[in-house]
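> Have a peek at my_file00.cif (mmCIF, C-alpha atoms and all ligand atoms).
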```
data_structure
loop_
_atom_site.label_atom_id
_atom_site.label_comp_id
_atom_site.auth_asym_id
_atom_site.auth_seq_id
_atom_site.Cartn_x
_atom_site.Cartn_y
_atom_site.Cartn_z
CA MET A 7 96.98 109.59 127.72
CA PHE A 8 93.44 108.91 126.60
CA PHE A 9 91.94 111.49 128.93
CA THR A 10 94.49 114.11 127.96
CA ASN A 11 93.46 113.59 124.36
CA VAL A 12 89.80 113.97 125.23
CA LEU A 13 90.46 117.22 127.08
CA GLU A 14 92.62 118.58 124.31
CA SER A 15 90.04 117.62 121.74
CA LEU A 16 87.19 119.27 123.64
CA GLU A 17 89.26 122.39 124.18
CA LEU A 18 90.21 122.43 120.52
CA GLN A 19 86.60 122.11 119.52
CA GLN A 20 85.70 125.44 121.12
CA HIS A 21 88.09 127.29 118.83
CA LEU A 22 87.20 125.53 115.61
CA GLN A 23 84.88 126.53 112.83
CA PRO A 24 81.62 124.56 112.99
CA ALA A 25 82.49 122.73 109.77
CA PHE A 26 85.52 121.13 111.43
CA VAL A 27 84.01 120.21 114.76
CA PHE A 28 83.46 116.58 113.80
CA LEU A 29 87.16 115.86 113.47
CA PRO A 30 88.19 115.83 117.15
CA LEU A 31 85.19 113.70 118.03
CA GLU A 32 86.14 111.09 115.46
CA ASN A 33 89.60 111.24 116.89
CA ILE A 34 88.29 110.27 120.33
CA GLN A 35 86.44 107.25 118.97
CA LEU A 36 89.47 106.17 116.98
CA ASN A 37 91.66 106.40 120.05
CA ILE A 38 89.49 104.05 122.11
CA MET A 39 89.13 101.55 119.27
CA TYR A 40 92.79 101.59 118.36
CA LYS A 41 94.11 100.88 121.86
CA GLU A 42 91.57 98.09 122.35
CA LEU A 43 92.42 96.54 119.02
CA ILE A 44 96.16 96.59 119.66
CA GLN A 45 95.53 94.77 122.96
CA GLN A 46 93.37 92.14 121.29
CA LEU A 47 96.08 91.44 118.73
CA GLY A 48 98.62 90.48 121.39
CA THR A 49 101.97 89.91 119.66
CA ALA A 50 100.51 90.08 116.14
CA ARG A 51 101.28 93.38 114.43
CA LEU A 52 98.64 95.58 112.85
CA VAL A 53 98.78 96.57 109.20
CA ALA A 54 96.30 99.45 109.00
CA VAL A 55 94.70 99.09 105.56
CA SER A 56 94.29 102.67 104.35
CA LYS A 57 93.10 102.08 100.77
CA THR A 58 90.58 104.75 99.65
CA GLN A 59 91.19 106.68 102.88
CA PRO A 60 92.20 110.35 102.77
CA HIS A 61 95.50 111.55 104.21
CA GLU A 62 93.78 113.10 107.25
CA ALA A 63 92.33 109.75 108.32
CA ILE A 64 95.74 108.13 108.00
CA MET A 65 97.31 110.94 110.03
CA GLN A 66 94.77 110.45 112.82
CA LEU A 67 95.92 106.88 113.19
CA TYR A 68 99.56 107.88 112.78
CA GLU A 69 99.13 110.24 115.71
CA GLN A 70 97.94 107.31 117.83
CA GLY A 71 101.28 105.68 117.12
CA GLN A 72 100.45 103.46 114.13
CA ARG A 73 103.36 103.19 111.67
CA ILE A 74 102.51 100.21 109.40
CA PHE A 75 100.00 101.00 106.66
CA GLY A 76 98.81 98.75 103.83
CA GLU A 77 97.58 99.64 100.35
CA ASN A 78 96.40 97.37 97.58
CA LYS A 79 97.05 99.57 94.56
CA VAL A 80 100.36 100.98 93.34
CA GLN A 81 98.73 104.13 91.95
CA GLU A 82 97.29 104.92 95.38
CA LEU A 83 100.36 103.90 97.36
CA VAL A 84 102.87 106.14 95.57
CA PRO A 85 101.16 109.51 96.18
CA LYS A 86 100.49 108.58 99.81
CA TYR A 87 104.14 107.67 100.32
CA GLU A 88 105.15 111.02 98.83
CA ALA A 89 102.73 113.10 100.90
CA LEU A 90 102.90 111.42 104.31
CA PRO A 91 105.61 111.09 107.00
CA LYS A 92 108.68 109.13 105.93
CA ASP A 93 108.75 106.88 109.00
CA ILE A 94 105.60 105.11 107.79
CA GLU A 95 106.27 101.50 106.79
CA TRP A 96 104.23 100.90 103.62
CA HIS A 97 103.04 97.38 102.82
CA LEU A 98 101.63 96.42 99.42
CA ILE A 99 98.90 93.88 100.13
CA GLY A 100 97.01 93.65 96.82
CA HIS A 101 97.71 91.91 93.54
CA LEU A 102 100.84 93.35 91.93
CA GLN A 103 101.64 93.44 88.23
CA SER A 104 105.31 93.08 87.30
CA ASN A 105 105.31 96.27 85.26
CA LYS A 106 104.35 98.33 88.32
CA VAL A 107 107.05 97.09 90.69
CA LYS A 108 109.45 99.85 89.64
CA PHE A 109 107.20 102.55 91.10
CA ILE A 110 107.27 101.16 94.65
CA ALA A 111 110.73 99.56 94.72
CA PRO A 112 112.44 102.67 96.15
CA PHE A 113 110.45 102.65 99.38
CA VAL A 114 108.05 99.71 99.91
CA ALA A 115 108.72 97.88 103.21
CA MET A 116 106.97 94.60 102.45
CA ILE A 117 105.06 93.03 99.55
CA HIS A 118 102.45 90.53 100.81
CA SER A 119 101.20 89.37 97.42
CA VAL A 120 103.99 87.50 95.66
CA ASP A 121 102.31 84.79 93.60
CA SER A 122 104.85 83.95 90.87
CA LEU A 123 108.56 83.54 90.25
CA LYS A 124 108.30 86.12 87.48
CA LEU A 125 107.01 88.73 89.92
CA LEU A 126 109.64 87.82 92.52
CA ALA A 127 112.42 88.15 89.91
CA GLU A 128 111.14 91.58 88.89
CA ILE A 129 111.01 92.74 92.54
CA ASP A 130 114.59 91.51 92.92
CA LYS A 131 115.72 93.40 89.81
CA GLN A 132 114.09 96.67 90.85
CA ALA A 133 115.31 96.35 94.47
CA ALA A 134 118.87 95.88 93.17
CA GLN A 135 118.61 99.12 91.21
CA HIS A 136 117.93 100.92 94.49
CA GLN A 137 120.52 98.94 96.50
CA ARG A 138 117.72 97.58 98.65
CA THR A 139 116.46 94.21 99.83
CA ILE A 140 112.67 94.00 99.73
CA ASP A 141 110.82 91.79 102.20
CA CYS A 142 108.20 89.59 100.53
CA LEU A 143 105.48 87.14 101.52
CA LEU A 144 104.26 84.30 99.32
CA GLN A 145 100.51 84.58 98.82
CA PHE A 146 98.56 81.33 99.01
CA LYS A 147 95.07 80.62 97.82
CA ILE A 148 93.40 79.17 100.90
CA ASN A 149 89.78 80.12 100.11
CA ASP A 150 87.27 78.58 97.77
CA GLU A 151 86.71 81.68 95.67
CA GLU A 152 87.39 81.51 91.95
CA THR A 153 88.70 85.02 91.51
CA LYS A 154 91.36 85.13 94.21
CA PHE A 155 95.09 85.06 93.52
CA GLY A 156 97.66 82.88 95.17
CA LEU A 157 99.94 79.88 94.95
CA ASP A 158 99.29 76.32 96.03
CA ILE A 159 101.94 74.39 97.94
CA ASN A 160 103.31 72.64 94.84
CA GLU A 161 103.75 75.93 93.03
CA ALA A 162 105.62 77.23 96.08
CA TYR A 163 107.94 74.19 96.04
CA ALA A 164 108.60 74.79 92.33
CA LEU A 165 109.37 78.45 92.97
CA LEU A 166 111.72 77.79 95.90
CA GLU A 167 113.51 74.94 94.07
CA SER A 168 113.86 76.79 90.78
CA ALA A 169 117.32 77.57 89.41
CA THR A 170 116.44 81.27 89.49
CA TYR A 171 115.50 81.59 93.16
CA PRO A 172 119.03 81.32 94.67
CA ASN A 173 120.18 84.15 92.41
CA LEU A 174 117.64 86.59 93.83
CA GLN A 175 119.83 88.44 96.32
CA HIS A 176 117.66 91.54 96.72
CA ILE A 177 114.49 89.93 97.99
CA ARG A 178 113.90 88.18 101.30
CA ILE A 179 110.96 85.83 101.73
CA CYS A 180 109.67 86.46 105.26
CA GLY A 181 106.60 84.21 105.31
CA VAL A 182 103.15 83.67 103.86
CA MET A 183 99.88 85.54 103.28
CA GLY A 184 96.34 84.41 102.65
CA MET A 185 92.71 85.54 102.64
CA ALA A 186 89.91 83.40 104.01
CA SER A 187 86.63 82.99 102.13
CA PHE A 188 84.00 85.69 102.65
CA VAL A 189 81.55 83.42 104.45
CA GLU A 190 79.67 83.43 107.73
CA ASP A 191 80.86 79.94 108.60
CA LYS A 192 83.51 80.47 111.28
CA ALA A 193 84.58 76.82 111.15
CA GLN A 194 85.41 77.15 107.47
CA ILE A 195 87.42 80.33 108.06
CA GLN A 196 89.27 78.61 110.89
CA ARG A 197 90.08 75.62 108.63
CA GLU A 198 91.47 77.95 105.98
CA PHE A 199 93.69 79.81 108.46
CA LYS A 200 94.88 76.49 109.91
CA ALA A 201 95.81 75.44 106.37
CA LEU A 202 97.91 78.59 105.93
CA LYS A 203 99.68 78.01 109.26
CA GLN A 204 100.39 74.44 108.12
CA ILE A 205 101.87 75.74 104.85
CA PHE A 206 104.03 78.16 106.84
CA ASP A 207 105.30 75.37 109.11
CA THR A 208 106.06 73.11 106.14
CA LEU A 209 108.00 75.79 104.24
CA LYS A 210 109.83 76.86 107.40
CA ALA A 211 111.00 73.30 108.11
CA ARG A 212 111.94 72.57 104.50
CA TYR A 213 113.56 75.78 103.26
CA PHE A 214 114.05 78.30 106.07
CA PRO A 215 114.90 76.38 109.27
CA ASN A 216 117.74 78.72 110.20
CA GLU A 217 116.29 81.96 108.98
CA ALA A 218 114.80 83.98 111.81
CA SER A 219 113.37 86.43 109.28
CA PHE A 220 111.01 83.76 107.91
CA LYS A 221 108.43 84.35 110.63
CA GLU A 222 105.37 86.10 109.21
CA ILE A 223 101.86 84.74 108.72
CA SER A 224 99.76 87.55 107.25
CA MET A 225 96.13 86.63 107.83
CA GLY A 226 93.02 88.20 109.30
CA MET A 227 90.90 91.21 108.28
CA SER A 228 88.14 93.22 109.98
CA ASP A 229 85.64 90.37 110.06
CA ASP A 230 87.90 87.44 110.90
CA TYR A 231 90.96 88.80 112.71
CA SER A 232 90.18 87.18 116.05
CA ILE A 233 90.09 83.73 114.42
CA ALA A 234 93.32 84.55 112.58
CA VAL A 235 95.09 85.64 115.76
CA ALA A 236 94.00 82.45 117.53
CA GLU A 237 95.44 80.43 114.62
CA GLY A 238 98.84 82.12 114.77
CA SER A 239 98.66 85.25 112.63
CA THR A 240 101.62 87.61 113.04
CA LEU A 241 100.38 90.38 110.70
CA VAL A 242 96.71 91.35 110.71
CA ARG A 243 95.44 93.54 107.85
CA ILE A 244 92.56 95.68 109.08
CA GLY A 245 90.78 98.48 107.23
CA THR A 246 87.03 98.86 107.80
CA LEU A 247 87.19 98.35 111.55
CA LEU A 248 89.64 101.26 111.92
CA PHE A 249 88.48 103.69 109.29
CA GLY A 250 84.82 102.81 108.80
CA ALA A 251 83.30 101.64 105.54
CA ARG A 252 85.26 102.55 102.44
CA ASN A 253 83.82 105.14 100.09
CA TYR A 254 85.20 104.23 96.68
CA GLY A 255 83.52 107.36 95.34
CA ASN A 256 86.24 109.40 97.12
CA LEU A 257 88.79 108.33 94.57
CA GLN A 258 89.57 110.39 91.52
C1 LIG A 301 91.04 95.65 101.85
C2 LIG A 301 91.94 94.56 102.28
C3 LIG A 301 92.05 94.21 103.64
C4 LIG A 301 91.27 94.89 104.74
O1 LIG A 301 89.91 94.57 104.67
P1 LIG A 301 88.86 95.05 105.79
O2 LIG A 301 87.75 94.09 105.67
O3 LIG A 301 88.48 96.44 105.42
O4 LIG A 301 89.54 95.00 107.10
C5 LIG A 301 92.93 93.20 103.98
N1 LIG A 301 93.67 92.56 103.05
C6 LIG A 301 93.59 92.86 101.74
C7 LIG A 301 94.43 92.11 100.78
C8 LIG A 301 92.73 93.86 101.31
O5 LIG A 301 92.66 94.17 100.00
#
```
Can you turn what I pasted into structure tokens?

Amino acid sequence: MFFTNVLESLELQQHLQPAFVFLPLENIQLNIMYKELIQQLGTARLVAVSKTQPHEAIMQLYEQGQRIFGENKVQELVPKYEALPKDIEWHLIGHLQSNKVKFIAPFVAMIHSVDSLKLLAEIDKQAAQHQRTIDCLLQFKINDEETKFGLDINEAYALLESATYPNLQHIRICGVMGMASFVEDKAQIQREFKALKQIFDTLKARYFPNEASFKEISMGMSDDYSIAVAEGSTLVRIGTLLFGARNYGNLQ
């Protein structure tokens, strides 16, 4: 498969305008990286984080077989959904404001960043309007950074024991999500991922013991995914490693 791609790419190159020659070469590099990465992840699934990336870069990965893509902004997610193949599973991984839920409710596959009952209720309401059930993860604050969003365990208990929660028939809580601190200290990152796994286990035992769909631990990014996988991640959110450094200047 890999060698066929190389041959095709080299052959293709000979017929292309000079300006486009770089594309097949990038494609070759991506192919090697992608297959290696998928192997390293084992049973954890890859969410390819395509924020700021152009459609062509997403399509290169799509052609390698990747179907789950993650975006952190509604205004970037919607046009990509509209333009790109409909069998892509789009995950919203960034902070979500209640007033923007309606724009993604028709199609979003999973929302990783639920951090309040108010947001969950709004997702439920918008999902109902489209006769859908939207899969959600509860985001926890496991790092020591001031600016990051997320619940603590007591807020999660309050949410799951609220009078409102049982009435939300159009959302399904499938697990938890968290981001480790941006530090060099691997031991600290490992502690934070262990804490998220512990939160998952506690919630599973207390509220979801018989629900097979409560199974996701979304943790790990380009710099810390191997630690996350070792600590039990089931969904790894990787951008930079796949696409290269983001160029925020590309955006309108
Ligand atoms: C951007 C982003 C990622 C991916 O980060 P990389 O370091 O580029 O892999 C993962 N999760 C969230 C929530 C993000 O916003």
> Separation of CA of Asp230 in chain A and CA of Phe155 in chain A, in Å?
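CA of Phe155 in chain A lies 19.0 Å from CA of Asp230 in chain A.
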> Residues up to 10 Å from ligand LIG 301 (chain A), counting all atoms listed in the file: could you list those as a PyMOL selection string?
chain A and resi 53-58+76-79+98-101+118-119+145+183-186+188+224-231+242-252
> Expressed in Å to a single decimal, how great is the separation between CA of Ser122 in chain A and CA of Ile233 in chain A?
27.8 Å
> Tell me which of A:Ile129, A:Ile117, A:Leu90, A:Leu67 sits closest to Asn105 in chain A, counting all atoms listed in the file.
A:Ile129
> My list of candidates is A:Leu143, A:Phe113, A:Asp207, A:Phe214. Which is closest to Pro85 in chain A when distances are computed with only C-alpha atoms?
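Between A:Leu143, A:Phe113, A:Asp207, A:Phe214, the residue approaching Pro85 in chain A most closely is A:Phe113.
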